[in-house]
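The structure appears right after this line, and notes come after that.
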Amino acid sequence: MHKLKYLTIAIILVTTLILVSLSYHVFASPLAAIAPGLGTDKSFAVLGASTVTNTGPTVVHGNLGVWPGTAVTGFPPGIVVPPGTIHASDAVAHQAQNDVITAYNALTSQACDVNLTGQDLGGLTLTPGVYCFDSSAGLTGRLTLNAQGNPNSVFVFLIGSTLTTASNSSVLITNGGSTTACNLFWQVGSSATLGTTTAFQGNILALASITLNTGADIVPGRALARNGAVTMDTNNISMESCASQATPRPATKTAMAATLSVIAPTLTSIALTPSQTILPATQTAIATQQTGIAATHTVIAPSLTALAATIAPSLTAKAATQTATALAPSLTEKAATSGAANITPAVLPNTGFAPQHVTVLSAQPAEKAYVDLGYIWLEIPRLKVQVPIVGVPQTDGDWDVSWLGDQAGWLYGTAFPTFNGNSVLTGHVYNSYGKPGPFVGLSGLWWGDKVIVHAWGVQYTYEVRQVTLVGPGAISSVIKHEQIPWVTLVTCSGYNEASNSYKFRVVVQAVLVEVK
């Protein structure tokens with residue numbers, strides 16, 4: 001009985017050690033980037049050291065502060081949307097500056113995964129990690145950050161001197177979530193300058209100053225300057241979606257090391273008698289089995305590689321279809337239907353706010369919450385639009401798209417995006433900040449222009465066949481059944497200041513022409 005007891009203990013010990021060792025090996029992947037703690041800076045969208053200045057109707061979602069300087073100018077016409085407030089040289093701003101220093105230094109200490117010195121960020125597609133520039137960094141065009149399906153992915157850019165973006169540049173995050181940009185950090189060794197109408201994301205922590213030229217936005221994100229000024233001109237800066245986000249877990253290697261330190265005392269406390277000889281024998285047997293497995297793997301690996309190369313393309317398309325098929329019913333009972341019979345709203349949704357006017361929205365009710373469709377996003381090349389698609393439920397006989405922001409909304413009850421039928425997507429012509437939304441240029445599309453839906457790694461390309469202007473009540477002509485995959489894009493047009501409403505809807509209808 002004693003021998004059986006010790007045999008059992010030995011087997012458990014060996015198995016545990018092997019599993020821990022294998023787990024450590026498998027998960028100690030190069031996920032080096034770690035999001036620093038921001039402390040009180042979580043509540044700040046803008047923080048300067050010397051001054052904070054503004055020109056035009058800038059909108060700040062989050063606190064705005066300055067320390068040790070005292071000057072905050074240009075508010076109004078700029079506004080800080082409640083509950084955000086202005087902290088000019090007070091204790092809150094002082095603590096925020098201290099926390100910027102801590103976060104800045106934490107970023108500096110991270111090891112570099114890839115050195116991009118001399119390269120322009122425009123046109124690159126990067127995965128989570130730490131990217132370094134020995135001196136200056138520039139962005140001309142679009143930078144794509146692929147979160148690889150993990151909404152908690154962390155991207156860190158360590159820039160030796162300046163960060164400069166050209167006009168109309170943008171940062172796009174794919175395969176992540178609505179808060180992935182909150183884990184994007186730009187540590188700038190001197191000053192950062194965003195060119196006009198740049199669509200930026202992430203947290204800028206600059207040693208000197210930050211300048212946002214006309215129309216440059218940071219949504220979501222923050223502009224935090226340690227020693228200089230923050231200068232704004234008709235911008236949107238919003239940390240709203242990042243305010244309550246928890247700091248992501250550190251790299252798996254660190255987590256595994258912590259786990260090992262906890263279980264090690266327990267493992268070493270198991271008492272084995274000197275007479276016990278089963279442990280070495282068990283280890284020898286396991287080693288022999290592993291050698292045999294390795295040899296088998298060597299034989300079959302080439303065949304598996306060749307087979308994978310042959311079937312991978314068809315599997316990718318099939319997997320995307322299966323994923324969509326599985327996902328659609330779980331979103332809503334009507335998600336996969338394509339007919340108009342299930343559509344209850346009497347009018348098309350109101351997809352616009354008053355231009356050049358800030359509309360303060362209430363908190364989005366739980367019953368009207370949008371659904372993350374999972375790595376589905378919309379691209380309109382002519383308009384340079386690249387936005388995620390979320391699901392908009394029907395509530396009280398209506399689709400409420402008030403909180404879409406810079407997203408596209410798929411209307412429940414129409415065909416699920418990429419399915420046979422008519423998928424209706426809406427987007428703002430002007431957002432709640434009074435600035436142009438992603439669909440502001442919709443009426444400028446022509447026959448043959450491309451509309452692309454990216455879903456689970458597959459690209460569905462539609463071509464425009466019709467652009468029309470209809471009234472809000474023309475729902476039956478817009479949301480109509482189609483036998484093959486169509487996408488219908490809808491937004492508002494013809495703002496009437498007297499009634500604070502839009503008289504028309506722009507409708508773009510496009511048919512699927514290619515899947516790759």
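Lettering and numbering for the structure tokens are positional, with chains as A, B, ... in the shown order, residues counted from 1 in each chain, and ligands counted from 1 in the shown order.
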List the neighbours of range 117-126 of chain A out to 7 Å using only C-alpha atoms; skip same-chain residues closer than 4 positions along the sequence, and give me the result as a ChimeraX atom specification.
/A:132-135,137-146
Per residue of range 123-222 of chain A within 12 Å of range 418-434 of chain A, note the shortest atom pair and the distance in Å to one decimal, counting only C-alpha atoms, and order the rows by chain and increasing residue number, as a tab-separated table.
```
residue	atom	partner	partner_atom	distance
A:Gly215	CA	A:Gly434	CA	11.9
A:Asp217	CA	A:Tyr433	CA	11.3
A:Val219	CA	A:Tyr433	CA	11.8
```
Prev. selection, C-alpha atoms, output as a CSV table (one decimal), in the first residue's frame:
```csv
chain,number,residue,atom,x,y,z
A,215,GLY,CA,-9.7,68.7,-37.9
A,217,ASP,CA,-9.0,63.8,-34.0
A,219,VAL,CA,-10.9,59.0,-30.9
```
What residues in range 128-261 of chain A get the DSSP label alpha helix (DSSP H)? Please answer as a ChimeraX atom specification.
/A:252-261
Give me the residues near range 201-209 of chain A as a ChimeraX atom specification, where near means some atom within 10 Å (using only C-alpha atoms) and where sequence neighbours in that chain fewer than 5 positions away do not count.
/A:45-52,100-101,103-104,107,155-157,159,161-163,170-173,179-193,217-231,237-239,242
Only C-alpha atoms, please: the residues just picked out, written as a short mmCIF file (atom, residue, chain, number, x, y, z; two decimals), in the first residue's frame.
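Writing the result to out11.cif gives the following:
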```cif
data_model
loop_
_atom_site.label_atom_id
_atom_site.label_comp_id
_atom_site.auth_asym_id
_atom_site.auth_seq_id
_atom_site.Cartn_x
_atom_site.Cartn_y
_atom_site.Cartn_z
CA ALA A 45 -8.31 63.41 -22.43
CA VAL A 46 -5.98 66.44 -22.60
CA LEU A 47 -3.15 67.39 -20.24
CA GLY A 48 -0.51 70.07 -20.79
CA ALA A 49 2.40 71.36 -18.74
CA SER A 50 2.91 74.98 -19.84
CA THR A 51 -0.42 75.87 -21.52
CA VAL A 52 -3.47 74.36 -23.21
CA VAL A 100 2.17 60.84 -16.86
CA ILE A 101 5.82 60.72 -15.77
CA ALA A 103 3.58 55.90 -17.34
CA TYR A 104 6.13 57.52 -19.66
CA LEU A 107 6.95 52.67 -21.49
CA PHE A 155 0.66 48.18 -29.07
CA VAL A 156 3.54 50.39 -27.90
CA PHE A 157 5.49 52.83 -30.10
CA ILE A 159 9.81 57.23 -30.64
CA SER A 161 12.27 62.38 -31.09
CA THR A 162 9.24 63.66 -33.05
CA LEU A 163 6.01 62.07 -34.24
CA SER A 170 -5.26 57.55 -40.17
CA VAL A 171 -4.76 54.70 -37.73
CA LEU A 172 -7.04 51.68 -38.24
CA ILE A 173 -7.38 48.85 -35.73
CA THR A 179 -11.54 49.42 -26.58
CA THR A 180 -8.42 48.02 -28.27
CA ALA A 181 -7.24 51.56 -29.06
CA CYS A 182 -7.14 52.22 -25.33
CA ASN A 183 -4.14 49.85 -25.21
CA LEU A 184 -2.28 51.77 -27.92
CA PHE A 185 0.55 53.97 -26.59
CA TRP A 186 2.73 56.51 -28.41
CA GLN A 187 5.72 57.49 -26.26
CA VAL A 188 7.29 60.51 -28.00
CA GLY A 189 10.77 61.73 -27.07
CA SER A 190 10.07 65.35 -28.01
CA SER A 191 6.91 66.71 -29.71
CA ALA A 192 3.96 65.21 -31.60
CA THR A 193 2.17 66.97 -34.48
CA ASP A 217 -9.04 63.81 -34.04
CA ILE A 218 -7.92 61.34 -31.38
CA VAL A 219 -10.86 58.98 -30.86
CA PRO A 220 -10.44 57.10 -28.67
CA GLY A 221 -7.30 58.33 -26.98
CA ARG A 222 -5.50 61.05 -25.05
CA ALA A 223 -3.06 63.91 -25.61
CA LEU A 224 -0.71 64.10 -22.59
CA ALA A 225 2.25 66.49 -22.72
CA ARG A 226 4.85 66.31 -19.93
CA ASN A 227 6.77 69.59 -20.31
CA GLY A 228 5.16 71.66 -23.07
CA ALA A 229 1.83 72.84 -24.45
CA VAL A 230 -1.14 71.12 -26.02
CA THR A 231 -2.43 73.16 -28.98
CA ILE A 237 -10.37 64.15 -28.33
CA SER A 238 -12.22 61.45 -26.44
CA MET A 239 -11.12 58.95 -23.82
CA CYS A 242 -11.23 54.00 -22.14
#
```
Using only C-alpha atoms, which residues of range 88-191 of chain A come within 8 Å of range 67-83 of chain A, and what is the closest atom pair for each, with the distance in Å to one decimal? Give it as JSON lines, sorted by chain and residue number.
```
{"residue": "A:Ala88", "atom": "CA", "partner": "A:Thr70", "partner_atom": "CA", "distance": 5.4}
{"residue": "A:Ser89", "atom": "CA", "partner": "A:Trp67", "partner_atom": "CA", "distance": 4.6}
{"residue": "A:Asp90", "atom": "CA", "partner": "A:Trp67", "partner_atom": "CA", "distance": 7.3}
{"residue": "A:Ala93", "atom": "CA", "partner": "A:Trp67", "partner_atom": "CA", "distance": 5.7}
{"residue": "A:His94", "atom": "CA", "partner": "A:Trp67", "partner_atom": "CA", "distance": 5.6}
{"residue": "A:Gln97", "atom": "CA", "partner": "A:Trp67", "partner_atom": "CA", "distance": 6.9}
```
Filtering to N, CA and C atoms, could you give me those residues as an mmCIF file, in the first residue's frame?
```
data_model
loop_
_atom_site.group_PDB
_atom_site.id
_atom_site.type_symbol
_atom_site.label_atom_id
_atom_site.label_comp_id
_atom_site.auth_asym_id
_atom_site.auth_seq_id
_atom_site.Cartn_x
_atom_site.Cartn_y
_atom_site.Cartn_z
ATOM 1 N N ALA A 88 -7.104 73.579 -13.936
ATOM 2 C CA ALA A 88 -6.017 74.509 -14.240
ATOM 3 C C ALA A 88 -5.133 74.682 -13.017
ATOM 4 N N SER A 89 -3.964 74.059 -13.045
ATOM 5 C CA SER A 89 -2.957 74.193 -12.000
ATOM 6 C C SER A 89 -3.496 73.851 -10.610
ATOM 7 N N ASP A 90 -4.336 72.813 -10.541
ATOM 8 C CA ASP A 90 -4.825 72.398 -9.229
ATOM 9 C C ASP A 90 -4.189 71.060 -8.850
ATOM 10 N N ALA A 93 -4.627 68.170 -11.427
ATOM 11 C CA ALA A 93 -3.728 68.269 -12.580
ATOM 12 C C ALA A 93 -2.290 67.932 -12.187
ATOM 13 N N HIS A 94 -1.893 68.349 -10.986
ATOM 14 C CA HIS A 94 -0.544 68.044 -10.495
ATOM 15 C C HIS A 94 -0.345 66.536 -10.401
ATOM 16 N N GLN A 97 -0.029 64.949 -13.843
ATOM 17 C CA GLN A 97 1.307 65.090 -14.433
ATOM 18 C C GLN A 97 2.288 64.093 -13.814
#
```
Would you please give, as number ranges by chain, all residues of range 127-221 of chain A that DSSP assigns to strand (DSSP E or B) based on the backbone?
A: 129-133, 137-139, 142-146, 155-159, 163-165, 170-174, 184-188, 192-194, 199-206, 210-212, 217-221
Would you save the residues from that selection as an mmCIF file, in the first residue's frame, using C-alpha atoms?
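File written: result.cif
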```cif
data_model
loop_
_atom_site.group_PDB
_atom_site.id
_atom_site.type_symbol
_atom_site.label_atom_id
_atom_site.label_comp_id
_atom_site.auth_asym_id
_atom_site.auth_seq_id
_atom_site.Cartn_x
_atom_site.Cartn_y
_atom_site.Cartn_z
ATOM 1 C CA GLY A 129 4.206 44.417 -29.776
ATOM 2 C CA VAL A 130 6.752 47.137 -29.033
ATOM 3 C CA TYR A 131 7.944 49.156 -32.049
ATOM 4 C CA CYS A 132 10.879 51.551 -31.822
ATOM 5 C CA PHE A 133 12.227 54.542 -33.721
ATOM 6 C CA ALA A 137 8.596 58.748 -36.817
ATOM 7 C CA GLY A 138 6.180 59.731 -39.566
ATOM 8 C CA LEU A 139 2.781 58.582 -40.764
ATOM 9 C CA ARG A 142 -3.017 54.639 -43.193
ATOM 10 C CA LEU A 143 -1.409 52.514 -40.486
ATOM 11 C CA THR A 144 -3.256 49.232 -39.811
ATOM 12 C CA LEU A 145 -2.913 47.544 -36.435
ATOM 13 C CA ASN A 146 -4.130 43.944 -36.449
ATOM 14 C CA PHE A 155 0.656 48.179 -29.067
ATOM 15 C CA VAL A 156 3.543 50.386 -27.904
ATOM 16 C CA PHE A 157 5.492 52.830 -30.097
ATOM 17 C CA LEU A 158 8.720 54.211 -28.609
ATOM 18 C CA ILE A 159 9.806 57.232 -30.640
ATOM 19 C CA LEU A 163 6.007 62.072 -34.240
ATOM 20 C CA THR A 164 4.457 63.744 -37.308
ATOM 21 C CA THR A 165 1.439 62.731 -39.388
ATOM 22 C CA SER A 170 -5.262 57.551 -40.168
ATOM 23 C CA VAL A 171 -4.760 54.701 -37.730
ATOM 24 C CA LEU A 172 -7.041 51.683 -38.237
ATOM 25 C CA ILE A 173 -7.380 48.849 -35.726
ATOM 26 C CA THR A 174 -8.722 45.545 -37.053
ATOM 27 C CA LEU A 184 -2.276 51.766 -27.919
ATOM 28 C CA PHE A 185 0.550 53.974 -26.592
ATOM 29 C CA TRP A 186 2.733 56.511 -28.409
ATOM 30 C CA GLN A 187 5.720 57.491 -26.258
ATOM 31 C CA VAL A 188 7.287 60.509 -28.003
ATOM 32 C CA ALA A 192 3.960 65.208 -31.599
ATOM 33 C CA THR A 193 2.175 66.966 -34.478
ATOM 34 C CA LEU A 194 -0.974 65.593 -36.117
ATOM 35 C CA ALA A 199 -7.951 60.276 -37.740
ATOM 36 C CA PHE A 200 -5.712 59.128 -34.900
ATOM 37 C CA GLN A 201 -6.155 56.630 -32.080
ATOM 38 C CA GLY A 202 -4.338 55.828 -28.863
ATOM 39 C CA ASN A 203 -2.597 57.567 -26.000
ATOM 40 C CA ILE A 204 0.077 60.128 -26.903
ATOM 41 C CA LEU A 205 2.583 60.728 -24.103
ATOM 42 C CA ALA A 206 4.979 63.402 -25.353
ATOM 43 C CA ILE A 210 1.451 68.106 -28.751
ATOM 44 C CA THR A 211 -0.099 70.007 -31.679
ATOM 45 C CA LEU A 212 -3.390 68.961 -33.267
ATOM 46 C CA ASP A 217 -9.038 63.812 -34.037
ATOM 47 C CA ILE A 218 -7.923 61.335 -31.376
ATOM 48 C CA VAL A 219 -10.865 58.981 -30.861
ATOM 49 C CA PRO A 220 -10.439 57.100 -28.668
ATOM 50 C CA GLY A 221 -7.301 58.330 -26.984
#
```
Hey, what's within 12 Å of Ala366 in chain A if we count only C-alpha atoms and toss same-chain stuff fewer than 4 positions away? As a ChimeraX atom specification, please?
/A:370-371,393,395
Rank A:Gln466, A:Thr198, A:Asn500, A:Gln407 by their smallest atom-to-atom distance to Ile376 in chain A, using only C-alpha atoms, and report the top residue only.
A:Gln407
Between CA of Glu240 in chain A and CA of Ser43 in chain A lies a distance of 8.4 Å
Which polymer residues have any atom within 10 Å of an atom of range 442-449 of chain A, counting only C-alpha atoms, with same-chain residues fewer than 6 positions away left out, as a PyMOL selection string?
chain A and resi 380-383+427+429+462-469+489-493+505-511
